[in-house]
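First up is the structure itself, then whatever we jot down about it.
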Amino acid sequence: MSPEALPPSRRSLLRAGTAAALGLATAGCGFASTGDPAAAATAQAPIDVKVDGDLVYFNWADFVDPAVFSGFEKEYGVKVVQSNYDSMEGMAAKLNAGNRYDILFPTAKWAQRLAAGGRLRRIDHSRLRNAGAVFGGYPYFADPWYDPGSAHTVPFTMYKTGIGWRRDRLGDLTGSWDDLWNAKARGKVFVLDDRDEVLGLGALKLGLDLTTGDPDGLARVTDTLRTLRPHLRGFSSDSYNNLLNGNADMTQAWSGDMAAMLAQAEDPSVFGFEVAREGAPVNSDCYAIPSNARHPGTAMLFIDYMLRPENVKRNIEYIGYPMPVRGTEDTYTALVEPFPQCQVTEADLKADLFFRNGTARGEKARDAAWTEVKAG
């Protein structure tokens with residue numbers, strides 16, 4: 001397949017937007033509650049792990065190996081009815097419009113919003129045969145900040161943000177966010193089209209809190225990013241295609257997309273991926289069951305099926321993102337051998353460089369800063 005014909009990277013349509021436009025709670029950290037006591041009681045009730053209908057699935061496009069879907073359908077005699085979103089905001093809009101799904105895959109801070117608004121079913125890990133491979137192997141996820149006790153979620157993937165570049169054009173880099181200002185790459189640099197990621201790199205470069213909502217801090221961030229504009233070719237989350245087809249000499253990139261790029265690169269040695277010594281943002285996607293799911297039993301079966309090591313290994317190779325399931329690490333290590341910094345370690349998770357939900361005032365300030373950065 002030629003670089004021009006490559007599909008977009010799996011997160012190429014991710015966008016960050018305004019929480020207020022999506023009916024989120026005033027603090028920017030939850031969905032408005034339905035206010036229905038019966039619905040609240042149902043959300044807390046244990047789920048019977050059994051087939052109770054076809055699986056209505058809501059996720060990023062192309063984020064599960066089709067062979068894994070087929071195996072699940074065959075084993076349980078159900079169909080997987082797929083819908084996709086192109087952003088967390090798009091997911092939220094569908095949920096707020098009343099659409100019903102059996103399983104979805106929010107990022108960490110969106111999982112916190114959903115749980116705070118009573119929009120997720122509780123998940124009893126003891127009813128999942130394979131949950132021990134997650135929570136026994138990755139203690140961070142046993143009690144993550146976004147979902148205490150992982151009461152409503154099971155981790156799906158994890159990843160971090162760094163810099164991908166063309167070694168054949170730029171040689172070695174220094175291992176800093178300063179590398180985006182490299183004079184040799186001027187005019188051929190991309191940053192992600194994502195509010196938190198771009199403001200985050202500016203904040204980390206300045207030694208500020210990753211998700212600062214402080215106006216003075218954000219003013220320093222926007223001033224710093226303004227000096228990057230002459231180096232930029234644009235804002236794009238299609239990171240690996242931009243490198244492969246030569247549009248970019250350097251790009252801010254998600255580690256999973258860089259790992260996926262390796263499968264497309266004729267010569268992986270042409271490319272590099274680094275994480276900055278000032279800090280690398282870390283994130284995770286989660287399995288979650290909406291409180292209004294019609295088929296929560298089937299959703300539980302699907303989660304357990306996805307946690308089987310053979311399915312985890314197959315999916316890691318398909319999407320390029322590691323999945324925190326004990327016994328599958330060697331699969332990812334082999335996949336990212338040319339880019340070892342794609343690995344997400346326990347130390348990375350404990351560094352606590354996750355994007356957090358802020359106050360309504362802080363989120364509004366971040367939106368304004370992002371608008372200023374995009375406008376130049």
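Naming works like this for the structure tokens: A, B, ... for the chains as they're shown, residue 1 at the start of each chain, ligands 1 onward in shown order.
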
>> At a cut-off of 9 Å, using only C-alpha atoms, what residues contact A:Arg129? Leave out same-chain residues fewer than 4 positions from it and give the result as a ChimeraX atom specification.
In response: /A:125,304,307-308

> Where does DSSP see strand (DSSP E or B) in stretch 133-373 of chain A, if you list the residues as an MDAnalysis selection string?
Replying inline: chainID A and resid 153:166 189:191 232:235 250:254 271:274 282:288 290

List as a Markdown table every residue of stretch 111-226 of chain A that is in contact with stretch 240-257 of chain A, defined as an atom at most 10 Å from one of its atoms (using only C-alpha atoms), together with the nearest atom pair and the distance in Å rounded to one decimal, sorted by chain and then rising number.
| residue | atom | partner | partner_atom | distance |
| --- | --- | --- | --- | --- |
| A:Thr157 | CA | A:Gly256 | CA | 9.3 |
| A:Met158 | CA | A:Gly256 | CA | 8.4 |
| A:Tyr159 | CA | A:Ser255 | CA | 5.8 |
| A:Lys160 | CA | A:Ser255 | CA | 5.5 |
| A:Thr161 | CA | A:Trp254 | CA | 4.6 |
| A:Gly162 | CA | A:Ala253 | CA | 5.5 |
| A:Ile163 | CA | A:Gln252 | CA | 4.6 |
| A:Gly164 | CA | A:Thr251 | CA | 5.3 |
| A:Trp165 | CA | A:Met250 | CA | 4.2 |
| A:Arg166 | CA | A:Asp249 | CA | 5.2 |
| A:Arg167 | CA | A:Asp249 | CA | 8.5 |
| A:Asp168 | CA | A:Asp249 | CA | 9.1 |
| A:Arg169 | CA | A:Asp249 | CA | 6.9 |
| A:Leu170 | CA | A:Asp249 | CA | 7.4 |
| A:Trp177 | CA | A:Gln252 | CA | 9.2 |
| A:Asp179 | CA | A:Met250 | CA | 8.9 |
| A:Leu180 | CA | A:Met250 | CA | 7.2 |
| A:Trp181 | CA | A:Met250 | CA | 9.9 |
| A:Asn182 | CA | A:Met250 | CA | 9.2 |
| A:Lys184 | CA | A:Asp249 | CA | 8.9 |
| A:Ala185 | CA | A:Asp249 | CA | 5.9 |
| A:Arg186 | CA | A:Asp249 | CA | 8.8 |
| A:Gly187 | CA | A:Ala248 | CA | 8.6 |
| A:Lys188 | CA | A:Ala248 | CA | 4.9 |
| A:Val189 | CA | A:Met250 | CA | 4.9 |
| A:Phe190 | CA | A:Thr251 | CA | 4.6 |
| A:Val191 | CA | A:Gln252 | CA | 4.8 |
| A:Leu192 | CA | A:Gln252 | CA | 5.9 |
| A:Asp193 | CA | A:Gln252 | CA | 9.6 |
| A:Glu197 | CA | A:Gln252 | CA | 8.7 |
| A:Val198 | CA | A:Gln252 | CA | 8.6 |
| A:Leu201 | CA | A:Gln252 | CA | 9.1 |

Hey, can you spit out that residue selection with N, CA and C atoms as a short mmCIF file (atom, residue, chain, number, x, y, z; two decimals), in the first residue's frame?
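Saved to result-v3.cif:
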data_model
loop_
_atom_site.label_atom_id
_atom_site.label_comp_id
_atom_site.auth_asym_id
_atom_site.auth_seq_id
_atom_site.Cartn_x
_atom_site.Cartn_y
_atom_site.Cartn_z
N THR A 157 -6.78 0.21 26.97
CA THR A 157 -5.45 0.48 26.41
C THR A 157 -4.77 1.53 27.27
N MET A 158 -3.48 1.72 27.04
CA MET A 158 -2.73 2.81 27.66
C MET A 158 -1.72 3.32 26.64
N TYR A 159 -1.36 4.58 26.77
CA TYR A 159 -0.46 5.19 25.79
C TYR A 159 0.10 6.48 26.36
N LYS A 160 1.13 7.00 25.70
CA LYS A 160 1.69 8.29 26.11
C LYS A 160 2.01 9.12 24.88
N THR A 161 2.34 10.36 25.11
CA THR A 161 2.55 11.31 24.02
C THR A 161 4.01 11.70 23.94
N GLY A 162 4.53 11.73 22.73
CA GLY A 162 5.92 12.12 22.53
C GLY A 162 6.10 12.77 21.18
N ILE A 163 7.27 12.58 20.61
CA ILE A 163 7.62 13.18 19.32
C ILE A 163 8.09 12.09 18.37
N GLY A 164 7.46 12.02 17.21
CA GLY A 164 7.93 11.17 16.13
C GLY A 164 8.68 12.02 15.12
N TRP A 165 9.73 11.44 14.52
CA TRP A 165 10.49 12.24 13.57
C TRP A 165 11.17 11.37 12.53
N ARG A 166 11.65 12.03 11.49
CA ARG A 166 12.38 11.37 10.41
C ARG A 166 13.88 11.45 10.71
N ARG A 167 14.45 10.30 11.09
CA ARG A 167 15.88 10.25 11.34
C ARG A 167 16.68 10.55 10.08
N ASP A 168 16.13 10.14 8.93
CA ASP A 168 16.88 10.32 7.69
C ASP A 168 17.02 11.80 7.32
N ARG A 169 16.18 12.65 7.90
CA ARG A 169 16.25 14.08 7.59
C ARG A 169 16.84 14.92 8.72
N LEU A 170 16.65 14.47 9.96
CA LEU A 170 17.02 15.29 11.10
C LEU A 170 18.12 14.70 11.96
N TRP A 177 10.97 18.53 24.74
CA TRP A 177 9.93 19.21 23.95
C TRP A 177 10.54 20.34 23.12
N ASP A 179 12.73 20.07 21.10
CA ASP A 179 13.04 19.56 19.77
C ASP A 179 12.02 20.00 18.72
N LEU A 180 10.79 20.30 19.15
CA LEU A 180 9.79 20.77 18.18
C LEU A 180 10.20 22.11 17.56
N TRP A 181 11.09 22.82 18.22
CA TRP A 181 11.59 24.11 17.71
C TRP A 181 12.86 23.92 16.87
N ASN A 182 13.20 22.69 16.53
CA ASN A 182 14.41 22.39 15.77
C ASN A 182 14.42 23.17 14.44
N LYS A 184 16.13 22.81 11.79
CA LYS A 184 16.22 21.98 10.59
C LYS A 184 14.85 21.49 10.13
N ALA A 185 13.88 21.45 11.04
CA ALA A 185 12.54 20.96 10.70
C ALA A 185 11.56 22.10 10.46
N ARG A 186 12.01 23.32 10.47
CA ARG A 186 11.14 24.49 10.36
C ARG A 186 10.22 24.36 9.14
N GLY A 187 8.94 24.54 9.37
CA GLY A 187 7.95 24.45 8.30
C GLY A 187 7.46 23.05 8.03
N LYS A 188 8.03 22.05 8.71
CA LYS A 188 7.61 20.66 8.50
C LYS A 188 7.34 19.97 9.84
N VAL A 189 6.81 20.74 10.78
CA VAL A 189 6.45 20.24 12.11
C VAL A 189 4.94 20.27 12.26
N PHE A 190 4.39 19.20 12.80
CA PHE A 190 2.97 19.16 13.16
C PHE A 190 2.85 18.96 14.68
N VAL A 191 1.80 19.54 15.24
CA VAL A 191 1.38 19.17 16.59
C VAL A 191 -0.03 18.59 16.47
N LEU A 192 -0.42 17.85 17.48
CA LEU A 192 -1.73 17.20 17.47
C LEU A 192 -2.84 18.24 17.47
N ASP A 193 -3.92 17.93 16.79
CA ASP A 193 -5.07 18.82 16.78
C ASP A 193 -5.92 18.49 18.00
N GLU A 197 -3.41 18.14 24.62
CA GLU A 197 -2.05 17.73 24.25
C GLU A 197 -1.16 18.92 23.93
N VAL A 198 -1.67 19.89 23.19
CA VAL A 198 -0.82 21.01 22.78
C VAL A 198 -0.58 21.95 23.96
N LEU A 201 2.00 20.23 26.23
CA LEU A 201 3.43 20.26 25.91
C LEU A 201 4.02 21.60 26.30
#

> Within 12 Å of A:Asp209, counting only C-alpha atoms, which residues qualify if same-chain residues fewer than 2 places away don't, as a PyMOL selection string?
Replying inline: chain A and resi 196+199-207+211-214+217-218+221+278-279+281+352-356+358

Quick one: everything within 10 Å of A:Met306, counting only C-alpha atoms, minus sequence neighbours fewer than 2 positions away in the same chain. Send it as a PDB file with N, CA and C atoms, in the first residue's frame.
ATOM      1  N   VAL A  64     -10.689  -2.637  17.347  1.00  0.00           N
ATOM      2  CA  VAL A  64     -10.683  -4.048  17.731  1.00  0.00           C
ATOM      3  C   VAL A  64     -10.483  -4.861  16.456  1.00  0.00           C
ATOM      4  N   VAL A  68     -11.303 -10.799  16.213  1.00  0.00           N
ATOM      5  CA  VAL A  68     -11.730 -10.917  17.610  1.00  0.00           C
ATOM      6  C   VAL A  68     -13.246 -10.766  17.698  1.00  0.00           C
ATOM      7  N   PHE A  69     -13.788  -9.808  16.974  1.00  0.00           N
ATOM      8  CA  PHE A  69     -15.255  -9.681  16.913  1.00  0.00           C
ATOM      9  C   PHE A  69     -15.887 -10.977  16.421  1.00  0.00           C
ATOM     10  N   PHE A  72     -15.956 -13.701  19.010  1.00  0.00           N
ATOM     11  CA  PHE A  72     -16.961 -13.458  20.055  1.00  0.00           C
ATOM     12  C   PHE A  72     -18.364 -13.793  19.551  1.00  0.00           C
ATOM     13  N   ASN A 130     -11.203 -13.214  33.839  1.00  0.00           N
ATOM     14  CA  ASN A 130      -9.866 -12.793  33.436  1.00  0.00           C
ATOM     15  C   ASN A 130      -9.428 -11.463  34.044  1.00  0.00           C
ATOM     16  N   PHE A 156      -8.647  -0.597  29.090  1.00  0.00           N
ATOM     17  CA  PHE A 156      -8.620  -1.199  27.758  1.00  0.00           C
ATOM     18  C   PHE A 156      -7.231  -1.037  27.127  1.00  0.00           C
ATOM     19  N   TYR A 287     -12.920   0.126  29.234  1.00  0.00           N
ATOM     20  CA  TYR A 287     -14.203  -0.505  28.988  1.00  0.00           C
ATOM     21  C   TYR A 287     -15.197   0.073  30.002  1.00  0.00           C
ATOM     22  N   MET A 300     -20.606  -7.623  29.629  1.00  0.00           N
ATOM     23  CA  MET A 300     -19.659  -8.239  30.570  1.00  0.00           C
ATOM     24  C   MET A 300     -18.947  -9.424  29.920  1.00  0.00           C
ATOM     25  N   LEU A 301     -19.680 -10.220  29.167  1.00  0.00           N
ATOM     26  CA  LEU A 301     -19.063 -11.342  28.460  1.00  0.00           C
ATOM     27  C   LEU A 301     -18.024 -10.842  27.458  1.00  0.00           C
ATOM     28  N   PHE A 302     -18.334  -9.733  26.798  1.00  0.00           N
ATOM     29  CA  PHE A 302     -17.397  -9.185  25.823  1.00  0.00           C
ATOM     30  C   PHE A 302     -16.120  -8.705  26.507  1.00  0.00           C
ATOM     31  N   ILE A 303     -16.252  -8.005  27.630  1.00  0.00           N
ATOM     32  CA  ILE A 303     -15.065  -7.554  28.350  1.00  0.00           C
ATOM     33  C   ILE A 303     -14.207  -8.747  28.741  1.00  0.00           C
ATOM     34  N   ASP A 304     -14.835  -9.769  29.294  1.00  0.00           N
ATOM     35  CA  ASP A 304     -14.082 -10.942  29.722  1.00  0.00           C
ATOM     36  C   ASP A 304     -13.423 -11.642  28.536  1.00  0.00           C
ATOM     37  N   ARG A 308      -8.989 -12.198  27.511  1.00  0.00           N
ATOM     38  CA  ARG A 308      -8.257 -13.446  27.328  1.00  0.00           C
ATOM     39  C   ARG A 308      -6.916 -13.131  26.660  1.00  0.00           C
ATOM     40  N   PRO A 309      -5.830 -13.672  27.178  1.00  0.00           N
ATOM     41  CA  PRO A 309      -4.510 -13.307  26.643  1.00  0.00           C
ATOM     42  C   PRO A 309      -4.381 -13.463  25.139  1.00  0.00           C
ATOM     43  N   GLU A 310      -4.964 -14.523  24.568  1.00  0.00           N
ATOM     44  CA  GLU A 310      -4.822 -14.715  23.126  1.00  0.00           C
ATOM     45  C   GLU A 310      -5.505 -13.597  22.341  1.00  0.00           C
ATOM     46  N   ASN A 311      -6.607 -13.081  22.875  1.00  0.00           N
ATOM     47  CA  ASN A 311      -7.303 -11.980  22.204  1.00  0.00           C
ATOM     48  C   ASN A 311      -6.588 -10.652  22.430  1.00  0.00           C
ATOM     49  N   VAL A 312      -6.026 -10.480  23.617  1.00  0.00           N
ATOM     50  CA  VAL A 312      -5.249  -9.276  23.895  1.00  0.00           C
ATOM     51  C   VAL A 312      -4.050  -9.193  22.952  1.00  0.00           C
ATOM     52  N   LYS A 313      -3.331 -10.290  22.799  1.00  0.00           N
ATOM     53  CA  LYS A 313      -2.154 -10.292  21.931  1.00  0.00           C
ATOM     54  C   LYS A 313      -2.539  -9.971  20.488  1.00  0.00           C
ATOM     55  N   ARG A 314      -3.629 -10.566  20.032  1.00  0.00           N
ATOM     56  CA  ARG A 314      -4.075 -10.308  18.660  1.00  0.00           C
ATOM     57  C   ARG A 314      -4.442  -8.833  18.485  1.00  0.00           C
ATOM     58  N   ASN A 315      -5.106  -8.273  19.499  1.00  0.00           N
ATOM     59  CA  ASN A 315      -5.538  -6.887  19.364  1.00  0.00           C
ATOM     60  C   ASN A 315      -4.375  -5.907  19.489  1.00  0.00           C
TER      61      ASN A 315
END

> Counting only C-alpha atoms, which of A:Val325, A:Ala263, A:Val49, A:Met258 gets nearest to A:Ala131?
Replying inline: A:Val325

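Distance annotation: of A:Pro340, A:Pro66, A:Gly77, A:Gly327, the residue with the minimal separation from A:Thr298 is A:Gly77; atom set is only C-alpha atoms.
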